[in-house]
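*Asks:* What follows is the file entry-v8.txt, containing compact mmCIF, C-alpha atoms:
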# COMPACT_ATOMS: atom_id res chain seq x y z
CA LEU Q 1 -9.87 -0.73 10.56
CA GLU Q 2 -10.17 0.04 14.28
CA ASN Q 3 -13.76 -1.21 14.33
CA LEU Q 4 -12.75 -4.44 12.60
CA ILE Q 5 -10.04 -5.05 15.18
CA MET Q 6 -12.32 -4.38 18.12
CA LYS Q 7 -14.95 -6.77 16.77
CA LYS Q 8 -12.47 -9.66 16.33
CA PRO Q 9 -13.29 -9.80 12.64
CA VAL Q 10 -15.10 -12.49 10.72
CA ILE Q 11 -12.92 -13.44 7.78
CA LYS Q 12 -13.96 -14.49 4.30
CA VAL Q 13 -11.70 -16.73 2.13
CA GLU Q 14 -11.63 -18.81 -1.21
CA VAL Q 15 -9.38 -21.47 -2.76
CA SER Q 16 -9.04 -22.53 -6.38
CA THR Q 17 -10.37 -25.98 -7.17
CA GLU Q 18 -7.57 -26.54 -9.66
CA THR Q 19 -4.33 -28.07 -8.51
CA HIS Q 20 -1.07 -26.95 -10.07
CA SER Q 21 1.00 -29.71 -11.63
CA LYS Q 22 3.64 -29.40 -8.93
CA THR Q 23 1.24 -29.62 -6.02
CA SER Q 24 1.12 -33.41 -6.18
CA ASN Q 25 4.81 -33.44 -5.34
CA SER Q 26 4.52 -31.00 -2.46
CA ARG Q 27 3.66 -33.59 0.18
CA ARG Q 28 6.76 -35.58 -0.66
CA LYS Q 29 8.91 -32.46 -0.58
CA PHE Q 30 7.70 -30.49 2.40
CA LEU Q 31 8.98 -32.89 5.06
CA LYS Q 32 12.45 -32.50 3.59
CA MET Q 33 12.47 -28.73 3.10
CA GLY Q 34 14.38 -26.49 5.46
CA GLY Q 35 14.57 -29.02 8.27
CA LEU Q 36 10.89 -28.55 9.03
CA ALA Q 37 10.27 -32.15 10.02
CA VAL Q 38 11.29 -33.22 13.51
CA ALA Q 39 11.95 -36.93 13.88
CA GLY Q 40 10.33 -38.76 16.76
CA THR Q 41 7.43 -36.35 17.29
CA SER Q 42 3.74 -37.05 16.79
CA LEU Q 43 3.41 -33.93 14.64
CA PHE Q 44 2.96 -35.81 11.38
CA LEU Q 45 0.91 -38.84 12.29
CA TYR Q 46 -1.84 -37.79 9.93
CA GLY Q 47 -2.38 -35.84 6.74
CA CYS Q 48 0.56 -37.18 4.76
CA ASN Q 49 -1.18 -39.30 2.14
CA ASP Q 50 -2.84 -38.26 -1.09
CA ASP Q 51 -6.27 -39.39 0.06
CA ASP Q 52 -6.82 -36.30 2.22
CA ASP Q 53 -6.39 -33.72 -0.52
CA ASN Q 54 -10.06 -32.77 -0.23
CA MET Q 55 -11.18 -31.97 3.29
CA ASP Q 56 -14.84 -32.30 4.14
CA PRO Q 57 -16.41 -28.83 3.83
CA MET Q 58 -17.87 -27.06 6.84
CA PRO Q 59 -21.54 -27.95 7.45
CA PRO Q 60 -23.93 -25.30 6.10
CA GLY Q 61 -24.46 -22.44 8.53
CA MET Q 62 -21.43 -23.23 10.67
CA VAL Q 63 -18.54 -20.79 10.99
CA PHE Q 64 -15.14 -22.17 11.97
CA ASP Q 65 -13.24 -20.57 14.84
CA LEU Q 66 -9.46 -20.79 14.73
CA GLY Q 67 -9.36 -22.04 18.30
CA SER Q 68 -7.26 -21.19 21.34
CA GLY Q 69 -3.68 -21.73 22.46
CA ASP Q 70 -1.09 -23.11 20.06
CA LEU Q 71 -3.79 -24.74 17.93
CA GLY Q 72 -5.38 -21.37 17.27
CA ILE Q 73 -2.03 -19.90 16.19
CA LEU Q 74 -1.32 -22.87 13.92
CA ASN Q 75 -4.73 -22.49 12.26
CA TYR Q 76 -4.07 -18.76 11.94
CA ALA Q 77 -0.78 -19.42 10.15
CA TYR Q 78 -2.49 -22.05 7.98
CA ALA Q 79 -5.07 -19.47 6.88
CA LEU Q 80 -2.33 -17.06 5.81
CA GLU Q 81 -0.44 -19.79 3.96
CA GLN Q 82 -3.60 -20.82 2.13
CA LEU Q 83 -4.06 -17.22 1.03
CA GLU Q 84 -0.51 -16.87 -0.24
CA ALA Q 85 -0.45 -20.27 -1.95
CA GLU Q 86 -3.66 -19.52 -3.86
CA PHE Q 87 -2.44 -16.06 -4.85
CA TYR Q 88 0.78 -17.41 -6.33
CA THR Q 89 -1.10 -20.25 -8.02
CA GLN Q 90 -3.03 -17.62 -9.93
CA VAL Q 91 0.12 -15.58 -10.56
CA ILE Q 92 1.80 -18.58 -12.20
CA ALA Q 93 -1.28 -19.15 -14.37
CA GLY Q 94 -1.56 -15.48 -15.38
CA SER Q 95 -0.42 -13.66 -18.51
CA TYR Q 96 1.98 -11.36 -16.64
CA PHE Q 97 4.00 -14.37 -15.50
CA ALA Q 98 3.98 -15.84 -19.03
CA GLY Q 99 5.68 -12.73 -20.37
CA ALA Q 100 7.79 -11.82 -17.34
CA SER Q 101 11.57 -11.60 -17.38
CA ALA Q 102 13.56 -14.75 -16.64
CA GLU Q 103 14.61 -13.33 -13.25
CA GLU Q 104 11.06 -12.53 -12.19
CA LYS Q 105 9.80 -15.92 -13.34
CA LEU Q 106 12.44 -17.70 -11.26
CA ILE Q 107 11.60 -15.66 -8.16
CA LEU Q 108 7.84 -16.07 -8.48
CA GLN Q 109 8.10 -19.80 -9.25
CA ASP Q 110 10.27 -20.34 -6.17
CA ILE Q 111 7.88 -18.38 -3.99
CA TYR Q 112 4.94 -20.38 -5.36
CA ASP Q 113 6.72 -23.65 -4.57
CA HIS Q 114 7.53 -22.55 -1.02
CA GLU Q 115 4.01 -21.30 -0.27
CA VAL Q 116 2.41 -24.54 -1.45
CA ILE Q 117 4.85 -26.48 0.71
CA HIS Q 118 4.05 -24.25 3.71
CA ARG Q 119 0.32 -24.72 3.19
CA GLU Q 120 0.62 -28.49 3.02
CA PHE Q 121 2.99 -28.51 5.98
CA PHE Q 122 0.50 -26.74 8.23
CA LYS Q 123 -2.37 -28.92 7.07
CA ALA Q 124 -0.42 -32.05 7.99
CA ALA Q 125 1.02 -30.60 11.20
CA ILE Q 126 -2.34 -29.47 12.58
CA THR Q 127 -4.05 -32.70 11.58
CA GLY Q 128 -1.38 -34.65 13.44
CA ALA Q 129 -1.53 -32.39 16.47
CA VAL Q 130 -5.29 -32.97 16.88
CA ASN Q 131 -5.05 -36.73 16.26
CA GLY Q 132 -6.94 -36.46 13.00
CA ASP Q 133 -9.98 -34.61 14.38
CA MET Q 134 -10.74 -32.56 11.26
CA SER Q 135 -13.36 -30.50 13.09
CA LEU Q 136 -10.42 -28.71 14.73
CA VAL Q 137 -8.54 -28.06 11.48
CA LEU Q 138 -9.27 -24.94 9.48
CA PRO Q 139 -11.04 -26.09 6.29
CA GLU Q 140 -9.88 -25.23 2.81
CA LEU Q 141 -10.73 -21.59 2.27
CA GLU Q 142 -12.15 -19.73 -0.70
CA PHE Q 143 -10.66 -16.51 -2.09
CA ASP Q 144 -11.71 -13.85 -4.55
CA PHE Q 145 -8.79 -12.26 -6.40
CA THR Q 146 -10.89 -10.45 -9.00
CA GLY Q 147 -9.41 -7.20 -7.70
CA VAL Q 148 -5.98 -8.31 -8.92
CA ASN Q 149 -5.10 -8.03 -12.60
CA PHE Q 150 -2.89 -11.08 -13.15
CA GLY Q 151 -1.92 -9.74 -16.55
CA ASN Q 152 -0.44 -6.56 -15.08
CA ARG Q 153 3.00 -6.45 -13.45
CA ASP Q 154 2.21 -3.61 -11.06
CA SER Q 155 -1.01 -5.24 -9.88
CA VAL Q 156 0.70 -8.58 -9.25
CA LEU Q 157 3.87 -7.33 -7.59
CA GLN Q 158 2.14 -4.70 -5.47
CA THR Q 159 -0.22 -7.36 -4.15
CA ALA Q 160 2.70 -9.74 -3.61
CA GLN Q 161 4.54 -7.08 -1.62
CA ILE Q 162 1.53 -6.48 0.62
CA LEU Q 163 1.02 -10.20 1.24
CA GLU Q 164 4.68 -10.92 1.92
CA ASP Q 165 5.24 -7.93 4.22
CA THR Q 166 2.04 -8.77 6.08
CA GLY Q 167 3.02 -12.43 6.35
CA VAL Q 168 6.40 -11.66 7.90
CA SER Q 169 4.96 -9.28 10.49
CA ALA Q 170 2.18 -11.81 11.20
CA TYR Q 171 4.63 -14.59 12.07
CA ASN Q 172 6.65 -12.19 14.20
CA GLY Q 173 3.50 -11.17 16.06
CA ALA Q 174 2.34 -14.76 16.51
CA GLY Q 175 5.63 -16.07 17.89
CA ALA Q 176 5.14 -14.47 21.30
CA ARG Q 177 1.83 -16.33 21.62
CA LEU Q 178 3.23 -19.84 21.11
CA GLU Q 179 3.90 -21.99 24.15
CA THR Q 180 5.42 -25.10 22.56
CA PRO Q 181 9.14 -24.66 21.78
CA LEU Q 182 8.89 -26.96 18.75
CA TYR Q 183 6.18 -24.81 17.17
CA LEU Q 184 8.17 -21.65 17.85
CA THR Q 185 11.22 -23.18 16.18
CA LEU Q 186 9.19 -24.18 13.13
CA ALA Q 187 7.57 -20.76 12.92
CA GLY Q 188 11.01 -19.18 13.06
CA LYS Q 189 12.19 -21.31 10.16
CA ILE Q 190 9.15 -20.44 8.09
CA VAL Q 191 9.23 -16.69 8.79
CA SER Q 192 12.85 -16.58 7.69
CA VAL Q 193 11.75 -17.94 4.31
CA GLU Q 194 8.84 -15.48 4.17
CA ALA Q 195 11.28 -12.64 4.85
CA ARG Q 196 13.38 -13.80 1.89
CA HIS Q 197 10.24 -13.69 -0.25
CA ALA Q 198 9.44 -10.17 0.90
CA ALA Q 199 12.98 -8.97 0.19
CA ALA Q 200 12.98 -10.59 -3.26
CA ILE Q 201 9.67 -9.00 -4.26
CA ARG Q 202 10.80 -5.62 -2.99
CA SER Q 203 14.12 -5.88 -4.83
CA ILE Q 204 12.45 -6.41 -8.22
CA TYR Q 205 9.53 -4.05 -7.71
CA LEU Q 206 10.51 -1.05 -5.59
CA PRO Q 207 13.04 1.60 -6.68
CA GLY Q 208 16.30 2.08 -4.80
CA ASN Q 209 18.97 -0.30 -3.60
CA THR Q 210 17.83 -0.52 0.02
CA GLU Q 211 14.10 -1.10 -0.36
CA PHE Q 212 14.54 -4.85 0.21
CA ALA Q 213 14.76 -3.85 3.89
CA GLY Q 214 12.95 -0.53 3.80
CA ASP Q 215 12.27 1.73 6.77
CA ASP Q 216 8.58 0.89 6.44
CA VAL Q 217 9.25 -2.70 7.52
CA ILE Q 218 12.49 -2.46 9.55
CA ASP Q 219 12.53 -0.29 12.67
CA ALA Q 220 15.31 1.90 14.06
CA ASN Q 221 16.70 -1.06 16.01
CA GLY Q 222 17.11 -3.11 12.84
CA LEU Q 223 14.16 -5.33 13.77
CA ASP Q 224 11.34 -6.44 11.51
CA LEU Q 225 7.81 -5.43 12.40
CA ALA Q 226 5.63 -7.67 14.58
CA THR Q 227 1.88 -7.32 14.11
CA PRO Q 228 -0.72 -8.93 16.42
CA PRO Q 229 -3.23 -11.33 14.83
CA ALA Q 230 -6.24 -8.97 15.18
CA ASP Q 231 -4.45 -6.29 13.14
CA VAL Q 232 -3.30 -8.80 10.53
CA LEU Q 233 -6.78 -10.26 10.15
CA ALA Q 234 -8.25 -6.78 9.82
CA THR Q 235 -5.77 -6.07 7.02
CA VAL Q 236 -6.69 -9.35 5.32
CA VAL Q 237 -10.39 -8.48 5.56
CA SER Q 238 -9.74 -5.08 4.01
CA THR Q 239 -8.24 -6.68 0.88
CA GLY Q 240 -11.55 -8.34 0.04
CA PHE Q 241 -9.70 -11.53 -0.91
CA VAL Q 242 -11.26 -13.74 1.74
CA LYS Q 243 -14.68 -15.30 1.11
CA THR Q 244 -14.99 -18.18 3.56
CA GLU Q 245 -16.15 -17.00 6.95
CA PHE Q 246 -14.18 -17.90 10.05
CA THR Q 247 -13.68 -16.29 13.43
CA ALA Q 248 -10.66 -15.62 15.62
CA ASN Q 249 -12.33 -15.13 18.97
CA ASN Q 250 -10.03 -17.24 21.13
CA LEU Q 251 -6.48 -16.58 19.99
CA PRO Q 252 -4.04 -16.26 22.90
CA GLU Q 253 -2.49 -13.06 24.17
CA PRO Q 254 1.31 -12.70 24.08
CA ILE Q 255 3.17 -14.74 26.68
CA GLU Q 256 4.56 -12.57 29.45
CA GLY Q 257 8.23 -12.60 30.25
Translate the structure described by the file into structure tokens.
*Replies:*
Amino acid sequence: LENLIMKKPVIKVEVSTETHSKTSNSRRKFLKMGGLAVAGTSLFLYGCNDDDDNMDPMPPGMVFDLGSGDLGILNYAYALEQLEAEFYTQVIAGSYFAGASAEEKLILQDIYDHEVIHREFFKAAITGAVNGDMSLVLPELEFDFTGVNFGNRDSVLQTAQILEDTGVSAYNGAGARLETPLYLTLAGKIVSVEARHAAAIRSIYLPGNTEFAGDDVIDANGLDLATPPADVLATVVSTGFVKTEFTANNLPEPIEG
């Protein structure tokens, strides 16, 4: 893990080519969800029509770098949202979900819906921020979830817990690197939803009445963990889920003050 962090890891990712039946509605929904859209900004000039569902793939031999500054952090968040959205897409299609309790189905379906919305939100937001220059937008990634048994409750929920806990700490760690107040506000709104996901998964999977905010994720000051991008990306690499290569060589350091 330490070696991966020091080397600013190359990531590998994969995305399903199938689109869930609800995905077609996500673009219409995500601008309305949670007050994410900000009227009067140029954030959503591009990426909001159905014609851009399939991005051009990266040219052979080229490896995408997330970029620097706020753009790099937005691409970083987009990578994590792609990972979570694809995971829950496969959860919903799996045999565990088909036979799960009504409560667990409702929770997992809601999380799936949110993650797809988050993924599409970042795709549109970044595309707008770079005036439609798709060479600066992280491409659609590929993932390999063969290590997850989507017919087994423990396998699914344990993986979900890892992804959700990691996602929350990733947003917390990225916030200090954002310079644009609007982006920080949006990230704060999204991480609050991710924290709800993490608490919900923990409440149905872990024993005990307080595990939804366990000592492993909440410190002695009552604060959630904040993990820097290099550590998060090293954790993602260690899962083996990521197939598409990309680099994170230029992400900003935390803002002082």
*Asks:* Hey, what's within 12 Å of Tyr171 of chain Q if we count all atoms listed in the file and toss same-chain stuff fewer than 3 positions away? As a ChimeraX atom specification, please?
*Replies:* /Q:73-74,76-78,80-81,164-168,174-178,183-195,224-229,232
*Asks:* Could you write out the selected residues, including C-alpha atoms, as a PDB file, keeping the file's coordinate frame?
*Replies:*
ATOM      1  CA  ILE Q  73      -2.030 -19.900  16.190  1.00  0.00           C
ATOM      2  CA  LEU Q  74      -1.320 -22.870  13.920  1.00  0.00           C
ATOM      3  CA  TYR Q  76      -4.070 -18.760  11.940  1.00  0.00           C
ATOM      4  CA  ALA Q  77      -0.780 -19.420  10.150  1.00  0.00           C
ATOM      5  CA  TYR Q  78      -2.490 -22.050   7.980  1.00  0.00           C
ATOM      6  CA  LEU Q  80      -2.330 -17.060   5.810  1.00  0.00           C
ATOM      7  CA  GLU Q  81      -0.440 -19.790   3.960  1.00  0.00           C
ATOM      8  CA  GLU Q 164       4.680 -10.920   1.920  1.00  0.00           C
ATOM      9  CA  ASP Q 165       5.240  -7.930   4.220  1.00  0.00           C
ATOM     10  CA  THR Q 166       2.040  -8.770   6.080  1.00  0.00           C
ATOM     11  CA  GLY Q 167       3.020 -12.430   6.350  1.00  0.00           C
ATOM     12  CA  VAL Q 168       6.400 -11.660   7.900  1.00  0.00           C
ATOM     13  CA  ALA Q 174       2.340 -14.760  16.510  1.00  0.00           C
ATOM     14  CA  GLY Q 175       5.630 -16.070  17.890  1.00  0.00           C
ATOM     15  CA  ALA Q 176       5.140 -14.470  21.300  1.00  0.00           C
ATOM     16  CA  ARG Q 177       1.830 -16.330  21.620  1.00  0.00           C
ATOM     17  CA  LEU Q 178       3.230 -19.840  21.110  1.00  0.00           C
ATOM     18  CA  TYR Q 183       6.180 -24.810  17.170  1.00  0.00           C
ATOM     19  CA  LEU Q 184       8.170 -21.650  17.850  1.00  0.00           C
ATOM     20  CA  THR Q 185      11.220 -23.180  16.180  1.00  0.00           C
ATOM     21  CA  LEU Q 186       9.190 -24.180  13.130  1.00  0.00           C
ATOM     22  CA  ALA Q 187       7.570 -20.760  12.920  1.00  0.00           C
ATOM     23  CA  GLY Q 188      11.010 -19.180  13.060  1.00  0.00           C
ATOM     24  CA  LYS Q 189      12.190 -21.310  10.160  1.00  0.00           C
ATOM     25  CA  ILE Q 190       9.150 -20.440   8.090  1.00  0.00           C
ATOM     26  CA  VAL Q 191       9.230 -16.690   8.790  1.00  0.00           C
ATOM     27  CA  SER Q 192      12.850 -16.580   7.690  1.00  0.00           C
ATOM     28  CA  VAL Q 193      11.750 -17.940   4.310  1.00  0.00           C
ATOM     29  CA  GLU Q 194       8.840 -15.480   4.170  1.00  0.00           C
ATOM     30  CA  ALA Q 195      11.280 -12.640   4.850  1.00  0.00           C
ATOM     31  CA  ASP Q 224      11.340  -6.440  11.510  1.00  0.00           C
ATOM     32  CA  LEU Q 225       7.810  -5.430  12.400  1.00  0.00           C
ATOM     33  CA  ALA Q 226       5.630  -7.670  14.580  1.00  0.00           C
ATOM     34  CA  THR Q 227       1.880  -7.320  14.110  1.00  0.00           C
ATOM     35  CA  PRO Q 228      -0.720  -8.930  16.420  1.00  0.00           C
ATOM     36  CA  PRO Q 229      -3.230 -11.330  14.830  1.00  0.00           C
ATOM     37  CA  VAL Q 232      -3.300  -8.800  10.530  1.00  0.00           C
TER      38      VAL Q 232
END
*Asks:* Fewer than 4 positions away in the same chain doesn't count, so skip those; otherwise give me all residues within 10 Å of Tyr96 of chain Q, counting all atoms listed in the file, as a compact mmCIF listing (two decimals) with C-alpha atoms, in the frame of the given file.
*Replies:*
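Written out: part36.txt:
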# COMPACT_ATOMS: atom_id res chain seq x y z
CA VAL Q 91 0.12 -15.58 -10.56
CA ILE Q 92 1.80 -18.58 -12.20
CA ALA Q 100 7.79 -11.82 -17.34
CA SER Q 101 11.57 -11.60 -17.38
CA LYS Q 105 9.80 -15.92 -13.34
CA ASN Q 149 -5.10 -8.03 -12.60
CA PHE Q 150 -2.89 -11.08 -13.15
CA GLY Q 151 -1.92 -9.74 -16.55
CA ASN Q 152 -0.44 -6.56 -15.08
CA ARG Q 153 3.00 -6.45 -13.45
CA ASP Q 154 2.21 -3.61 -11.06
CA SER Q 155 -1.01 -5.24 -9.88
CA VAL Q 156 0.70 -8.58 -9.25
*Asks:* Take atom CA of Asp133 of chain Q and atom CA of Leu66 of chain Q and report the distance between them in Å, one decimal.
*Replies:*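 These two atoms are separated by 13.8 Å.
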*Asks:* Which of these, Q:Phe246, Q:Tyr88, Q:Phe143, Q:Phe64, has the shortest distance to Asp113 of chain Q once you count only C-alpha atoms?
*Replies:*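 Nearest to Asp113 of chain Q: Q:Tyr88.
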*Asks:* So how many Å separate atom CA of Asn249 of chain Q and atom CA of Ala129 of chain Q, to one decimal?
*Replies:* 20.5 Å
*Asks:* Could you check which of Q:Gly94, Q:Gly69, Q:Gly214, Q:Pro207 is closest to Glu253 of chain Q, using all atoms listed in the file?
*Replies:*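 Answer, going by the shortest atom-to-atom distance: Q:Gly69.
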*Asks:* Can you tell me, as a PyMOL selection string, what residues are no more than 10 Å from Leu136 of chain Q when counting all atoms listed in the file, ignoring any on the same chain fewer than 6 positions away?
*Replies:* chain Q and resi 64-67+71-72+75+126-127+129-130
*Asks:* Restricted to C-alpha atoms, what would the selected residues look like written as a tab-separated table (two decimals), in the coordinates of the input?
*Replies:*
chain	number	residue	atom	x	y	z
Q	64	PHE	CA	-15.14	-22.17	11.97
Q	65	ASP	CA	-13.24	-20.57	14.84
Q	66	LEU	CA	-9.46	-20.79	14.73
Q	67	GLY	CA	-9.36	-22.04	18.30
Q	71	LEU	CA	-3.79	-24.74	17.93
Q	72	GLY	CA	-5.38	-21.37	17.27
Q	75	ASN	CA	-4.73	-22.49	12.26
Q	126	ILE	CA	-2.34	-29.47	12.58
Q	127	THR	CA	-4.05	-32.70	11.58
Q	129	ALA	CA	-1.53	-32.39	16.47
Q	130	VAL	CA	-5.29	-32.97	16.88
*Asks:* Determine the nearest neighbour of Val63 of chain Q from the options Q:Ala213, Q:Leu138, Q:Leu206, Q:Ala200, counting all atoms listed in the file.
*Replies:*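 For Val63 of chain Q, the nearest of the candidates is Q:Leu138.
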*Asks:* Just want the 10 Å neighbourhood of Phe87 of chain Q, counted on only C-alpha atoms, with same-chain residues fewer than 6 positions away dropped. Output as a list in words.
*Replies:*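 Answer for this query is Val15, Ser16, Glu81, Tyr112, Glu115, Phe143, Asp144, Phe145, Val148, Phe150, Val156, Thr159, Ala160, Leu163 and Phe241 of chain Q.
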